[in-house]
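Colleague: The structure follows.
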Amino acid sequence: MLKQKVYTPEDYKHYRMFQNLKELVRNISEYKTLIKWLVVVGLTQQYKKSFFGVSWLFLSPIISIFLWVLLQSTGMFHPGDTKIPYVAYVFLSQSIWSFFISFYKSISETYTGRGAELLQNNFPHIVIVFEKIIIAMVNFGIPFLLSIIVLLYYKVSFSWTSLLFPIALIPLMCLGVALGLLFSVLKIVAIDFTTLFDNSLELIKFITPVVFATTVNNITLQTIMHYNPLTYLVNFPRSVLLNQGFPDVNLFLVCSLAAVIFLIFTYRFFTISSPIVFEKITL
Amino acid sequence: MDDKECLVKVIEVGKKFSKDMKWSMIHGITDLGRLMFRQNLINNELRKEEFWAIRNISLELRRGDILSILGNNGCGKSTLMRLISGIYPLNEGRIEVKGRLSSLFAAKTGMHPHFTGRENIYVKAGMFGMSKEKLEKKIEWIIDFSELGDFIDAPYGTYSSGMQSRLGYSIAVASEPDIFIIDEGLSVGDAAFRIKCYENLVSLSENCGIIFITHNLGRIESLANKIIVMDRGKFIYSSNDIKKGVDYYLDNCTPLKNKIK
């Protein structure tokens with residue numbers, strides 16, 4: 001029996017939440033080979049025309065770690081109250097922050113970057129999103145493992161709870177993916193929203209304890225950080241990894257739940273609204 | 001022929017587009033807003049700076065059909081193909097598609113110049129929804145049919161446009177579609193390969209419905225068994241007599257011809 005598909009203008013009305021999620025699972029399992037190949041292409045294409053090839057996936061972070069260590073040795077950092085060497089602290093925090101940003105940035109490019117491909121080939125758009133999620137994970141994982149070596153070099157102690165770190169990062173990933181899904185659709189219509197949000201990211205980074213410790217001296221900044229959900233999503237995994245206990249665990253759990261719910265809703269927004277505005281990528 | 005299984009049914013379909021960027025943005029934001037507040041999005045009136053790219057289009061494609069659609073640039077052929085392929089949403093009407101559909105719009109898209117032809121087969125076949133197992137069975141056939149020989153392991157960027165289209169066509173056919181749409185996908189292949197493709201299309205059509213868009217009028221006459229002429233978003237002629245259809249197109253859609261006369 002052949003599979004039948006019916007397209008009508010009312011299609012957008014028929015999506016139910018559960019159906020959305022069921023379709024997601026079906027699409028991923030049906031197109032897993034394509035996702036795998038797109039990931040391979042995405043990770044290796046920039047290094048194809050290079051003598052070192054994919055070794056650059058490791059060489060790039062090694063070079064940046066080397067630069068950090070070099071900067072530290074010049075003594076140009078005057079850290080706040082962090083219990084581990086500032087360079088390692090900043091390095092780790094920057095990695096966590098760029099982990100979050102990389103999901104947002106790459107997924108928000110789903111349509112503007114890959115529109116031609118999607119216009120000429122009929123495969124589910126979520127395939128590109130999954131490709132980008134996996135690439136962002138690999139791009140984080142490799143420098144992260146290397147930075148662990150640096151942390152060990154600086155005699156940072158790890159414990160068994162440090163193994164919870166990847167799990168503690170999931171809510172931050174959910175938030176990054178959710179923002180990416182939301183802005184990928186908005187970007188088809190007008191780039192104003194993304195440009196505005198991109199510019200605010202620097203500010204958001206400033207009010208999140210990325211380069212500062214949470215115990216920074218400025219009272220206003222401390223108050224803002226207190227109400228910023230990213231504070232808990234960044235601080236908790238970092239503390240877990242650095243064996244500094246479980247700070248604000250309840251707030252972390254509440255923010256995590258909110259991030260997951262936000263992701264489910266933005267995914268629904270993505271599936272329903274992207275077909276409606278998709279054609280505007282040609283304009 | 002009409003007792004054969006109907007694979008594509010297009011009923012009174014319409015699609016509108018914006019022709020102005022600012023208004024397109026405004027309509028886009030309005031639509032997203034209406035969607036979020038669960039308002040109705042269906043509007044059969046044209047909004048400011050919109051136009052009907054196609055309207056009141058109906059057609060049926062059955063197994064064994066090779067339907068050729070003729071029309072000048074911008075008459076809505078590709079828009080219709082994208083609607084049938086499920087790429088664009090429709091504004092009016094209904095489209096029913098039965099079975100696996102593969103459409104070949106531009107052989108190049110989705111291919112990566114720094115990767116070999118073989119690596120690109122995996123990516124493109126994935127886009128046609130082929131599973132790994134199916135592709136493993138078919139890959140030798142694809143390489144053989146595309147006649148790329150040793151070049152299959154050379155970077156795709158080194159291929160001539162003819163070689164690129166040969167590979168694209170071979171992968172699309174290997175996906176074993178029930179409905180096969182070719183939108184000017186063969187226009188750059190060399191004569192020998194084109195003839196091979198046309199022969200292949202005829203044998204394919206025994207088990208498949210084919211929609212074929214080309215500006216090569218001679219080829220349409222020898223290949224198609226149904227013809228539709230489109231002009232400014234509407235079907236103006238539809239017949240099983242290909243010769244008459246081509247003549248109708250030449251008489252009604254090519255104003256230059258009269259001037260030359």
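Labels used: A, B, ... for chains in the order of the structure tokens, numbers from 1 for residues in each chain, and numbers from 1 for ligands as shown.
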Counting only C-alpha atoms, which residues from chain A have an atom at most 6 Å from any atom of chain B, and could you show them as a ChimeraX atom specification?

Modeller: /A:2-9,34,37,117,120,122-123,189

Colleague: Among region 4-213 of chain A, which residues does DSSP mark as strand (DSSP E) when it is run on the backbone? Keep the chain and numbering as in the structure and answer as a PyMOL selection string.

Modeller: chain A and resi 4-7

Colleague: Show me, as an MDAnalysis selection string, the residues that have an atom within 12 Å of region 144-150 of chain B when counting only C-alpha atoms, minus same-chain residues fewer than 4 positions from it.

Modeller: chainID B and resid 116:118 121 138:140 154:156 158:160 162:174 189:190 192:194 196:197 200

Colleague: Run DSSP on the backbone and grab whatever in region 18-172 of chain B lands in helix (DSSP H, G or I); send it over as a PyMOL selection string.

Modeller: chain B and resi 21-36+77-84+117-127+132-145+149-153+156-158+161-172

Colleague: Can you measure CA of Thr44 (chain A) to CA of Phe58 (chain A) for me? One decimal in Å is fine.

Modeller: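 Between CA of Thr44 (chain A) and CA of Phe58 (chain A) the gap works out to 12.2 Å.
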
Colleague: Write out as a PDB file with N, CA and C atoms, in the first residue's frame the residues lying within 12 Å of Tyr47 (chain A), counting only C-alpha atoms and excluding same-chain residues fewer than 4 positions away.

Modeller:
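File produced: selection.pdb:
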ATOM      1  N   VAL A  40      29.147  14.666   8.925  1.00  0.00           N
ATOM      2  CA  VAL A  40      30.503  14.424   8.407  1.00  0.00           C
ATOM      3  C   VAL A  40      30.930  15.581   7.500  1.00  0.00           C
ATOM      4  N   VAL A  41      30.030  15.977   6.601  1.00  0.00           N
ATOM      5  CA  VAL A  41      30.342  17.070   5.682  1.00  0.00           C
ATOM      6  C   VAL A  41      30.580  18.359   6.470  1.00  0.00           C
ATOM      7  N   GLY A  42      29.663  18.654   7.406  1.00  0.00           N
ATOM      8  CA  GLY A  42      29.754  19.897   8.170  1.00  0.00           C
ATOM      9  C   GLY A  42      31.045  19.992   8.972  1.00  0.00           C
ATOM     10  N   LEU A  43      31.469  18.850   9.539  1.00  0.00           N
ATOM     11  CA  LEU A  43      32.670  18.880  10.388  1.00  0.00           C
ATOM     12  C   LEU A  43      33.951  18.926   9.566  1.00  0.00           C
ATOM     13  N   PHE A  51      46.390  20.607   4.435  1.00  0.00           N
ATOM     14  CA  PHE A  51      47.328  19.484   4.542  1.00  0.00           C
ATOM     15  C   PHE A  51      47.064  18.670   5.800  1.00  0.00           C
ATOM     16  N   PHE A  52      46.721  19.370   6.888  1.00  0.00           N
ATOM     17  CA  PHE A  52      46.500  18.665   8.148  1.00  0.00           C
ATOM     18  C   PHE A  52      45.115  18.016   8.228  1.00  0.00           C
ATOM     19  N   GLY A  53      44.221  18.430   7.334  1.00  0.00           N
ATOM     20  CA  GLY A  53      42.879  17.832   7.287  1.00  0.00           C
ATOM     21  C   GLY A  53      42.125  17.988   8.591  1.00  0.00           C
ATOM     22  N   VAL A  54      41.408  16.906   8.975  1.00  0.00           N
ATOM     23  CA  VAL A  54      40.564  16.999  10.165  1.00  0.00           C
ATOM     24  C   VAL A  54      41.356  17.133  11.467  1.00  0.00           C
ATOM     25  N   SER A  55      42.687  16.970  11.391  1.00  0.00           N
ATOM     26  CA  SER A  55      43.489  17.162  12.615  1.00  0.00           C
ATOM     27  C   SER A  55      43.265  18.567  13.175  1.00  0.00           C
ATOM     28  N   TRP A  56      42.816  19.487  12.309  1.00  0.00           N
ATOM     29  CA  TRP A  56      42.555  20.857  12.764  1.00  0.00           C
ATOM     30  C   TRP A  56      41.486  20.907  13.848  1.00  0.00           C
ATOM     31  N   LEU A  57      40.617  19.892  13.849  1.00  0.00           N
ATOM     32  CA  LEU A  57      39.596  19.838  14.904  1.00  0.00           C
ATOM     33  C   LEU A  57      40.266  19.816  16.275  1.00  0.00           C
ATOM     34  N   PHE A  58      41.489  19.237  16.320  1.00  0.00           N
ATOM     35  CA  PHE A  58      42.236  19.188  17.582  1.00  0.00           C
ATOM     36  C   PHE A  58      43.261  20.310  17.665  1.00  0.00           C
ATOM     37  N   LEU A  59      43.867  20.613  16.496  1.00  0.00           N
ATOM     38  CA  LEU A  59      44.943  21.605  16.494  1.00  0.00           C
ATOM     39  C   LEU A  59      44.434  22.988  16.917  1.00  0.00           C
ATOM     40  N   SER A  60      43.270  23.389  16.411  1.00  0.00           N
ATOM     41  CA  SER A  60      42.745  24.724  16.735  1.00  0.00           C
ATOM     42  C   SER A  60      42.610  24.933  18.246  1.00  0.00           C
TER      43      SER A  60
ATOM     44  N   HIS B 114      34.132  20.097  -2.490  1.00  0.00           N
ATOM     45  CA  HIS B 114      35.387  19.513  -2.023  1.00  0.00           C
ATOM     46  C   HIS B 114      35.290  18.022  -1.732  1.00  0.00           C
ATOM     47  N   PHE B 115      34.066  17.483  -1.800  1.00  0.00           N
ATOM     48  CA  PHE B 115      33.890  16.059  -1.539  1.00  0.00           C
ATOM     49  C   PHE B 115      33.805  15.291  -2.860  1.00  0.00           C
TER      50      PHE B 115
END

Colleague: Rounded to one decimal place, report the CA of Ile62 (chain A)-CA of Ser147 (chain A) distance in Å.

Modeller: 8.7 Å

Colleague: Please identify all polymer residues within 8 Å of region 98-113 of chain A, counting only C-alpha atoms, omitting same-chain residues fewer than 5 positions from it, and present them as JSON, numbers by chain.

Modeller: {"A": [118, 128, 129, 132, 133, 136, 137, 140, 172, 173, 175, 176, 177, 178, 179, 180, 181, 182, 183, 184, 185, 187, 188, 278, 281]}

Colleague: Atoms to include: N, CA and C atoms. Write the selected residues as a PDB file, in the first residue's frame.

Modeller:
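Result saved to result-v9.pdb:
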ATOM      1  N   LEU A 118      17.123  23.474   0.898  1.00  0.00           N
ATOM      2  CA  LEU A 118      15.773  23.089   1.318  1.00  0.00           C
ATOM      3  C   LEU A 118      14.729  23.403   0.253  1.00  0.00           C
ATOM      4  N   ILE A 128      18.309  19.391   9.336  1.00  0.00           N
ATOM      5  CA  ILE A 128      19.394  20.374   9.396  1.00  0.00           C
ATOM      6  C   ILE A 128      19.638  20.799  10.846  1.00  0.00           C
ATOM      7  N   VAL A 129      18.551  20.923  11.615  1.00  0.00           N
ATOM      8  CA  VAL A 129      18.693  21.321  13.015  1.00  0.00           C
ATOM      9  C   VAL A 129      19.479  20.253  13.777  1.00  0.00           C
ATOM     10  N   LYS A 132      23.103  20.343  13.006  1.00  0.00           N
ATOM     11  CA  LYS A 132      23.781  21.447  13.678  1.00  0.00           C
ATOM     12  C   LYS A 132      23.969  21.168  15.171  1.00  0.00           C
ATOM     13  N   ILE A 133      22.995  20.471  15.771  1.00  0.00           N
ATOM     14  CA  ILE A 133      23.137  20.135  17.198  1.00  0.00           C
ATOM     15  C   ILE A 133      24.347  19.215  17.389  1.00  0.00           C
ATOM     16  N   ALA A 136      27.612  21.062  16.849  1.00  0.00           N
ATOM     17  CA  ALA A 136      27.922  21.943  17.980  1.00  0.00           C
ATOM     18  C   ALA A 136      28.450  21.127  19.159  1.00  0.00           C
ATOM     19  N   MET A 137      27.892  19.910  19.354  1.00  0.00           N
ATOM     20  CA  MET A 137      28.357  19.061  20.457  1.00  0.00           C
ATOM     21  C   MET A 137      29.804  18.635  20.245  1.00  0.00           C
ATOM     22  N   PHE A 140      32.187  21.419  20.715  1.00  0.00           N
ATOM     23  CA  PHE A 140      32.404  21.732  22.127  1.00  0.00           C
ATOM     24  C   PHE A 140      33.219  20.635  22.795  1.00  0.00           C
ATOM     25  N   LEU A 172      21.125  24.031  29.397  1.00  0.00           N
ATOM     26  CA  LEU A 172      21.731  25.148  28.659  1.00  0.00           C
ATOM     27  C   LEU A 172      21.640  24.872  27.153  1.00  0.00           C
ATOM     28  N   MET A 173      21.843  23.605  26.788  1.00  0.00           N
ATOM     29  CA  MET A 173      21.718  23.224  25.385  1.00  0.00           C
ATOM     30  C   MET A 173      20.276  23.428  24.909  1.00  0.00           C
ATOM     31  N   LEU A 175      18.093  25.505  25.965  1.00  0.00           N
ATOM     32  CA  LEU A 175      17.830  26.933  25.795  1.00  0.00           C
ATOM     33  C   LEU A 175      18.459  27.447  24.501  1.00  0.00           C
ATOM     34  N   GLY A 176      19.700  27.028  24.226  1.00  0.00           N
ATOM     35  CA  GLY A 176      20.380  27.449  22.994  1.00  0.00           C
ATOM     36  C   GLY A 176      19.629  26.968  21.762  1.00  0.00           C
ATOM     37  N   VAL A 177      19.195  25.695  21.769  1.00  0.00           N
ATOM     38  CA  VAL A 177      18.464  25.136  20.626  1.00  0.00           C
ATOM     39  C   VAL A 177      17.134  25.877  20.458  1.00  0.00           C
ATOM     40  N   ALA A 178      16.456  26.123  21.593  1.00  0.00           N
ATOM     41  CA  ALA A 178      15.153  26.798  21.535  1.00  0.00           C
ATOM     42  C   ALA A 178      15.292  28.187  20.912  1.00  0.00           C
ATOM     43  N   LEU A 179      16.291  28.933  21.359  1.00  0.00           N
ATOM     44  CA  LEU A 179      16.496  30.276  20.787  1.00  0.00           C
ATOM     45  C   LEU A 179      16.833  30.177  19.306  1.00  0.00           C
ATOM     46  N   GLY A 180      17.641  29.169  18.952  1.00  0.00           N
ATOM     47  CA  GLY A 180      18.001  28.972  17.545  1.00  0.00           C
ATOM     48  C   GLY A 180      16.771  28.701  16.687  1.00  0.00           C
ATOM     49  N   LEU A 181      15.884  27.816  17.177  1.00  0.00           N
ATOM     50  CA  LEU A 181      14.669  27.485  16.419  1.00  0.00           C
ATOM     51  C   LEU A 181      13.798  28.721  16.226  1.00  0.00           C
ATOM     52  N   LEU A 182      13.654  29.477  17.317  1.00  0.00           N
ATOM     53  CA  LEU A 182      12.809  30.670  17.275  1.00  0.00           C
ATOM     54  C   LEU A 182      13.347  31.686  16.259  1.00  0.00           C
ATOM     55  N   PHE A 183      14.651  31.964  16.364  1.00  0.00           N
ATOM     56  CA  PHE A 183      15.215  33.011  15.509  1.00  0.00           C
ATOM     57  C   PHE A 183      15.427  32.548  14.068  1.00  0.00           C
ATOM     58  N   SER A 184      15.533  31.228  13.848  1.00  0.00           N
ATOM     59  CA  SER A 184      15.683  30.765  12.466  1.00  0.00           C
ATOM     60  C   SER A 184      14.443  31.142  11.662  1.00  0.00           C
ATOM     61  N   VAL A 185      13.273  31.030  12.290  1.00  0.00           N
ATOM     62  CA  VAL A 185      12.026  31.372  11.593  1.00  0.00           C
ATOM     63  C   VAL A 185      11.901  32.889  11.451  1.00  0.00           C
ATOM     64  N   LYS A 187      14.188  35.002  11.295  1.00  0.00           N
ATOM     65  CA  LYS A 187      15.195  35.499  10.370  1.00  0.00           C
ATOM     66  C   LYS A 187      14.744  35.397   8.912  1.00  0.00           C
ATOM     67  N   ILE A 188      13.853  34.456   8.610  1.00  0.00           N
ATOM     68  CA  ILE A 188      13.354  34.351   7.229  1.00  0.00           C
ATOM     69  C   ILE A 188      12.582  35.627   6.896  1.00  0.00           C
ATOM     70  N   PHE A 278       8.387  29.998   4.921  1.00  0.00           N
ATOM     71  CA  PHE A 278       9.573  29.426   4.265  1.00  0.00           C
ATOM     72  C   PHE A 278       9.867  30.036   2.897  1.00  0.00           C
ATOM     73  N   ILE A 281      12.365  32.991   1.897  1.00  0.00           N
ATOM     74  CA  ILE A 281      13.832  32.975   1.831  1.00  0.00           C
ATOM     75  C   ILE A 281      14.322  33.346   0.434  1.00  0.00           C
TER      76      ILE A 281
END

Colleague: Neighbouring residues of Asn240 (chain B) were defined as those with any atom within 9 Å, considering only C-alpha atoms; residues of the same chain fewer than 5 positions away were excluded. Please report them as a VMD selection string.

Modeller: chain B and resid 224 to 228 245

Colleague: Take CA of Asn243 (chain A) and CA of Phe158 (chain A) and report the distance between them in Å, one decimal.

Modeller: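 Interatomic distance here is 5.8 Å.
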
Colleague: Check the smallest atom-to-atom distance from each of A:Leu92, A:Leu230, A:Leu251, A:Val39 to Val138 (chain A) using only C-alpha atoms, then report the winner.

Modeller: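 Ranked by minimum distance to Val138 (chain A), first place goes to A:Val39.
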
Colleague: Phe246 (chain A): which residues within 10 Å, counting only C-alpha atoms, same-chain residues fewer than 5 positions away excluded, as a PDB file with C-alpha atoms, in the first residue's frame?

Modeller:
ATOM      1  CA  THR A 161      30.284  14.276  40.794  1.00  0.00           C
ATOM      2  CA  ASN A 235      27.078  28.286  37.308  1.00  0.00           C
ATOM      3  CA  PHE A 236      25.688  24.893  38.287  1.00  0.00           C
ATOM      4  CA  PRO A 237      27.456  22.757  35.669  1.00  0.00           C
ATOM      5  CA  ARG A 238      30.673  24.672  36.224  1.00  0.00           C
ATOM      6  CA  SER A 239      30.541  24.096  39.969  1.00  0.00           C
ATOM      7  CA  VAL A 240      29.678  20.444  39.451  1.00  0.00           C
ATOM      8  CA  LEU A 241      32.723  20.007  37.261  1.00  0.00           C
ATOM      9  CA  PHE A 252      18.847  25.377  38.715  1.00  0.00           C
TER      10      PHE A 252
END
